[in-house]
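Q: Provided below: final.cif, containing mmCIF, C-alpha atoms.
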data_input
#
loop_
_atom_site.label_atom_id
_atom_site.label_comp_id
_atom_site.auth_asym_id
_atom_site.auth_seq_id
_atom_site.Cartn_x
_atom_site.Cartn_y
_atom_site.Cartn_z
CA MET U 403 0.00 0.00 0.00
CA PHE U 404 2.77 2.44 0.86
CA GLU U 405 4.27 2.11 -2.63
CA ASN U 406 0.89 3.15 -4.07
CA VAL U 407 0.77 6.10 -1.69
CA VAL U 408 4.18 7.25 -2.89
CA LYS U 409 3.33 6.63 -6.55
CA TYR U 410 -0.22 7.95 -6.74
CA GLY U 411 -0.60 10.30 -3.78
CA PRO U 412 -2.66 10.38 -0.59
CA ASP U 413 -6.13 9.85 -2.10
CA ASP U 414 -6.41 6.28 -0.76
CA LEU U 415 -5.51 7.49 2.73
CA ARG U 416 -8.17 10.21 2.57
CA LYS U 417 -10.76 7.54 1.69
CA LEU U 418 -9.92 5.86 5.00
CA GLY U 419 -10.97 9.02 6.84
CA LEU U 420 -7.54 9.85 8.27
CA SER U 421 -6.73 13.39 9.38
CA ASP U 422 -4.38 15.56 7.32
CA ASP U 423 -1.69 15.39 10.03
CA VAL U 424 -1.69 11.59 9.95
CA ILE U 425 -1.74 11.54 6.14
CA ASN U 426 1.23 13.94 5.98
CA ALA U 427 3.19 11.85 8.47
CA ILE U 428 2.50 8.64 6.54
CA MET U 429 3.43 10.32 3.24
CA GLU U 430 6.71 11.62 4.67
CA ILE U 431 7.73 8.25 6.09
CA ALA U 432 6.63 6.38 2.97
CA LYS U 433 8.69 8.69 0.71
CA GLU U 434 11.75 8.11 2.89
CA ARG U 435 11.42 4.33 3.06
CA VAL U 436 9.82 3.21 -0.20
CA GLU U 437 11.84 3.14 -3.41
CA VAL U 438 9.58 3.48 -6.44
CA GLU U 439 10.82 1.75 -9.58
CA PRO U 440 11.02 3.98 -12.64
CA MET U 441 8.50 3.29 -15.36
CA GLU U 442 8.54 3.98 -19.07
CA ILE U 443 5.79 5.24 -21.34
CA SER U 444 6.11 5.23 -25.11
CA GLY U 445 4.44 6.30 -28.29
CA ILE U 446 4.97 6.62 -32.01
CA ILE U 447 4.78 10.05 -33.57
CA ARG U 448 4.57 10.48 -37.31
CA VAL U 449 6.11 13.80 -38.38
CA ILE U 450 6.04 15.01 -41.98
CA SER U 451 7.36 18.16 -43.61
CA ILE U 452 7.34 18.46 -47.41
CA LYS U 453 9.44 21.62 -47.50
CA PRO U 454 12.85 21.42 -49.20
CA ASP U 455 14.53 21.70 -45.78
CA GLY U 456 11.88 19.56 -44.07
CA VAL U 457 14.41 17.23 -42.47
CA LYS U 458 15.92 20.20 -40.61
CA HIS U 459 12.48 21.28 -39.38
CA VAL U 460 11.63 17.79 -38.15
CA ARG U 461 14.99 17.46 -36.38
CA ASP U 462 14.65 20.89 -34.71
CA VAL U 463 11.14 20.13 -33.48
CA LEU U 464 12.14 16.73 -32.06
CA LEU U 465 15.15 18.28 -30.31
CA LYS U 466 12.86 20.91 -28.75
CA ALA U 467 10.59 18.09 -27.55
CA MET U 468 13.53 16.33 -25.89
CA GLU U 469 14.58 19.56 -24.17
CA LEU U 470 11.04 20.08 -22.88
CA ALA U 471 10.90 16.57 -21.44
CA ARG U 472 14.23 17.05 -19.65
CA LYS U 473 13.18 20.44 -18.26
CA GLU U 474 9.90 18.98 -17.00
CA GLY U 475 11.75 16.36 -14.96
CA ALA U 476 11.89 13.17 -17.00
CA GLU U 477 14.65 10.87 -15.76
CA SER U 478 15.33 9.83 -19.32
CA VAL U 479 13.90 10.71 -22.71
CA LYS U 480 14.69 9.14 -26.07
CA ILE U 481 13.31 10.06 -29.45
CA TYR U 482 14.59 7.94 -32.28
CA THR U 483 13.58 6.96 -35.77
CA ILE U 484 11.78 3.75 -36.55
CA GLY U 485 11.91 4.76 -40.18
CA PRO U 486 11.03 8.23 -41.40
CA PRO U 487 8.47 9.66 -40.89
CA ARG U 488 7.85 7.55 -37.75
CA TYR U 489 9.70 8.29 -34.51
CA ARG U 490 9.43 6.51 -31.19
CA ILE U 491 9.27 8.52 -27.96
CA ASP U 492 10.32 6.79 -24.71
CA ILE U 493 10.02 8.74 -21.44
CA VAL U 494 11.18 7.31 -18.10
CA GLY U 495 10.23 8.58 -14.65
CA LYS U 496 8.76 7.56 -11.32
CA ASP U 497 5.46 9.47 -11.25
CA PRO U 498 2.90 7.94 -13.66
CA LYS U 499 0.62 10.99 -13.68
CA LYS U 500 3.52 13.31 -14.38
CA LEU U 501 4.78 11.02 -17.16
CA GLU U 502 1.37 10.98 -18.85
CA GLN U 503 1.17 14.76 -18.72
CA LEU U 504 4.74 15.05 -19.96
CA LEU U 505 4.01 12.79 -22.93
CA LYS U 506 0.95 14.90 -23.78
CA ASP U 507 3.06 18.08 -23.55
CA VAL U 508 5.78 16.63 -25.80
CA VAL U 509 3.26 15.46 -28.41
CA ASN U 510 1.46 18.81 -28.27
CA LEU U 511 4.75 20.67 -28.77
CA VAL U 512 5.75 18.52 -31.75
CA THR U 513 2.31 18.81 -33.33
CA THR U 514 1.98 22.59 -32.96
CA GLU U 515 5.59 23.35 -33.93
CA ILE U 516 5.57 21.21 -37.07
CA LYS U 517 2.19 22.70 -38.13
CA LYS U 518 3.67 26.20 -37.75
CA ARG U 519 6.45 25.10 -40.08
CA GLY U 520 4.05 23.76 -42.71
CA GLY U 521 4.14 20.08 -41.75
CA GLU U 522 1.86 17.64 -40.00
CA ALA U 523 2.07 15.16 -37.14
CA SER U 524 0.01 12.36 -35.63
CA PHE U 525 0.54 10.30 -32.48
CA THR U 526 -0.20 6.73 -31.43
CA ARG U 527 0.30 5.59 -27.83
CA ILE U 528 2.12 2.29 -27.25
CA SER U 529 0.71 0.27 -24.37
CA GLU U 530 3.12 -2.38 -23.18
#
Would you mind giving the structure from this file in structure tokens?

A:
Amino acid sequence: MFENVVKYGPDDLRKLGLSDDVINAIMEIAKERVEVEPMEISGIIRVISIKPDGVKHVRDVLLKAMELARKEGAESVKIYTIGPPRYRIDIVGKDPKKLEQLLKDVVNLVTTEIKKRGGEASFTRISE
């Protein structure tokens, strides 16, 4: 149970009717004692630019996405080609909610940036 408290937050403890002081004490001790294993989430993003220098635009956008993921606290982020125009995104971290939001932010950045540059992008989540 304590691993879930560290991973997902104090909602389960609140359901038990515990006071905030007790919840805070349990959270503090659980964070000190429980080591949460990192997890990885992945997806495939298809990025296309038909401009003469489209490869440069795609590379720049994907590099921006990697920078964003690192700034937002991902333990590890990899974006690599499966075969153009498909690229795999792997993000590693310990907080599942934060990872999901981070993946959404990365995909949103890639999609909006490539559209600004005259390209298009689509995303498919990989569930493993």

Q: Between U:Val457, U:Val508, U:Ile431, U:Leu415, which is the closest to Ile493 (chain U) once you count all atoms listed in the file?

A: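 Under the stated criterion, the closest residue is U:Val508.
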
Q: Name the residues in contact with Lys433 (chain U) at a cut-off of 10 Å, using all atoms listed in the file, excluding same-chain residues fewer than 6 positions from it; report them as a VMD selection string.

A: chain U and resid 404 to 405 407 to 409

Q: For region 444-448 of chain U, list every protein, DNA or RNA residue within 7 Å, evaluated using all atoms listed in the file, and leave out those in the same chain fewer than 3 positions away; present the list as a PyMOL selection string.

A: chain U and resi 487-493+523-528

Q: Convert the output of the PyMOL selection byres ((chain U and resi 469) around 12) on the shown file into explicit residues, formatted as number ranges by chain.

A: U: 462-468, 470-476, 478-481, 504, 507-508, 511-512

Q: Here is a test: counting all atoms listed in the file, which residue of U:Val449, U:His459, U:Lys499, U:Glu439 is nearest to Gly411 (chain U)?

A: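 Of U:Val449, U:His459, U:Lys499, U:Glu439, the one nearest Gly411 (chain U), counting all atoms listed in the file, is U:Lys499.
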
Q: May I ask for the distance between CA of Ile516 (chain U) and CA of Ser451 (chain U), given in Å to one decimal place?

A: 7.4 Å

Q: Please indicate the distance in Å from CA of Val460 (chain U) to CA of Lys496 (chain U), rounded to one decimal place.

A: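 Those two atoms sit 28.9 Å apart.
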
Q: Just say which residues the PyMOL selection byres ((chain U and resi 519) around 9) picks in this file, as JSON, numbers by chain.

A: {"U": [451, 453, 456, 459, 514, 515, 516, 517, 518, 520, 521, 522]}

Q: Can you write region 438-467 of chain U from the block above with N, CA, C and O atoms, as a compact mmCIF listing (two decimals), in the first residue's frame?

A:
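After the write, out.txt holds the following:
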# COMPACT_ATOMS: atom_id res chain seq x y z
N VAL U 438 10.49 3.73 -5.33
CA VAL U 438 9.58 3.48 -6.44
C VAL U 438 10.42 3.21 -7.68
O VAL U 438 11.31 3.97 -8.02
N GLU U 439 10.10 2.11 -8.35
CA GLU U 439 10.82 1.75 -9.58
C GLU U 439 10.41 2.70 -10.71
O GLU U 439 9.23 3.01 -10.86
N PRO U 440 11.38 3.14 -11.49
CA PRO U 440 11.02 3.98 -12.64
C PRO U 440 10.18 3.19 -13.64
O PRO U 440 10.31 1.98 -13.77
N MET U 441 9.32 3.91 -14.32
CA MET U 441 8.50 3.29 -15.36
C MET U 441 8.71 4.03 -16.66
O MET U 441 9.18 5.16 -16.67
N GLU U 442 8.35 3.38 -17.75
CA GLU U 442 8.54 3.98 -19.07
C GLU U 442 7.21 4.02 -19.80
O GLU U 442 6.44 3.06 -19.76
N ILE U 443 6.94 5.15 -20.45
CA ILE U 443 5.79 5.24 -21.34
C ILE U 443 6.32 5.59 -22.72
O ILE U 443 7.34 6.26 -22.87
N SER U 444 5.62 5.09 -23.74
CA SER U 444 6.11 5.23 -25.11
C SER U 444 4.99 5.53 -26.08
O SER U 444 3.82 5.26 -25.79
N GLY U 445 5.38 6.06 -27.22
CA GLY U 445 4.44 6.30 -28.29
C GLY U 445 5.18 6.47 -29.60
O GLY U 445 6.40 6.62 -29.63
N ILE U 446 4.43 6.42 -30.67
CA ILE U 446 4.97 6.62 -32.01
C ILE U 446 4.38 7.92 -32.55
O ILE U 446 3.16 8.09 -32.56
N ILE U 447 5.24 8.80 -32.97
CA ILE U 447 4.78 10.05 -33.57
C ILE U 447 5.23 10.07 -35.03
O ILE U 447 6.36 9.73 -35.35
N ARG U 448 4.30 10.40 -35.88
CA ARG U 448 4.57 10.48 -37.31
C ARG U 448 4.67 11.95 -37.66
O ARG U 448 3.70 12.70 -37.49
N VAL U 449 5.85 12.38 -38.10
CA VAL U 449 6.11 13.80 -38.38
C VAL U 449 6.52 13.95 -39.83
O VAL U 449 7.47 13.32 -40.28
N ILE U 450 5.78 14.81 -40.56
CA ILE U 450 6.04 15.01 -41.98
C ILE U 450 6.19 16.50 -42.28
O ILE U 450 5.40 17.32 -41.80
N SER U 451 7.20 16.82 -43.07
CA SER U 451 7.36 18.16 -43.61
C SER U 451 7.79 18.00 -45.07
O SER U 451 8.79 17.35 -45.35
N ILE U 452 7.02 18.61 -45.99
CA ILE U 452 7.34 18.46 -47.41
C ILE U 452 8.15 19.63 -47.95
O ILE U 452 8.38 19.73 -49.15
N LYS U 453 8.60 20.50 -47.08
CA LYS U 453 9.44 21.62 -47.50
C LYS U 453 10.81 21.09 -47.94
O LYS U 453 11.23 20.01 -47.52
N PRO U 454 11.52 21.86 -48.76
CA PRO U 454 12.85 21.42 -49.20
C PRO U 454 13.81 21.14 -48.04
O PRO U 454 14.63 20.24 -48.11
N ASP U 455 13.69 21.92 -46.97
CA ASP U 455 14.53 21.70 -45.78
C ASP U 455 13.72 21.06 -44.66
O ASP U 455 13.95 21.31 -43.48
N GLY U 456 12.78 20.20 -45.03
CA GLY U 456 11.88 19.56 -44.07
C GLY U 456 12.58 18.72 -43.03
O GLY U 456 12.16 18.67 -41.87
N VAL U 457 13.67 18.06 -43.42
CA VAL U 457 14.41 17.23 -42.47
C VAL U 457 14.94 18.08 -41.32
O VAL U 457 14.88 17.70 -40.15
N LYS U 458 15.41 19.28 -41.64
CA LYS U 458 15.92 20.20 -40.61
C LYS U 458 14.79 20.60 -39.66
O LYS U 458 14.97 20.63 -38.44
N HIS U 459 13.62 20.89 -40.22
CA HIS U 459 12.48 21.28 -39.38
C HIS U 459 12.07 20.14 -38.44
O HIS U 459 11.84 20.37 -37.26
N VAL U 460 12.00 18.94 -38.97
CA VAL U 460 11.63 17.79 -38.15
C VAL U 460 12.65 17.59 -37.04
O VAL U 460 12.30 17.41 -35.87
N ARG U 461 13.94 17.64 -37.38
CA ARG U 461 14.99 17.46 -36.38
C ARG U 461 14.90 18.53 -35.30
O ARG U 461 14.96 18.23 -34.10
N ASP U 462 14.73 19.80 -35.69
CA ASP U 462 14.65 20.89 -34.71
C ASP U 462 13.46 20.72 -33.76
O ASP U 462 13.59 20.92 -32.55
N VAL U 463 12.33 20.32 -34.31
CA VAL U 463 11.14 20.13 -33.48
C VAL U 463 11.33 18.98 -32.49
O VAL U 463 10.99 19.08 -31.32
N LEU U 464 11.91 17.88 -32.95
CA LEU U 464 12.14 16.73 -32.06
C LEU U 464 13.17 17.06 -30.98
O LEU U 464 13.03 16.62 -29.84
N LEU U 465 14.18 17.85 -31.32
CA LEU U 465 15.15 18.28 -30.31
C LEU U 465 14.50 19.18 -29.27
O LEU U 465 14.78 19.07 -28.07
N LYS U 466 13.60 20.07 -29.70
CA LYS U 466 12.86 20.91 -28.75
C LYS U 466 12.02 20.05 -27.81
O LYS U 466 11.91 20.33 -26.62
N ALA U 467 11.42 18.99 -28.36
CA ALA U 467 10.59 18.09 -27.55
C ALA U 467 11.44 17.40 -26.49
O ALA U 467 11.02 17.25 -25.34
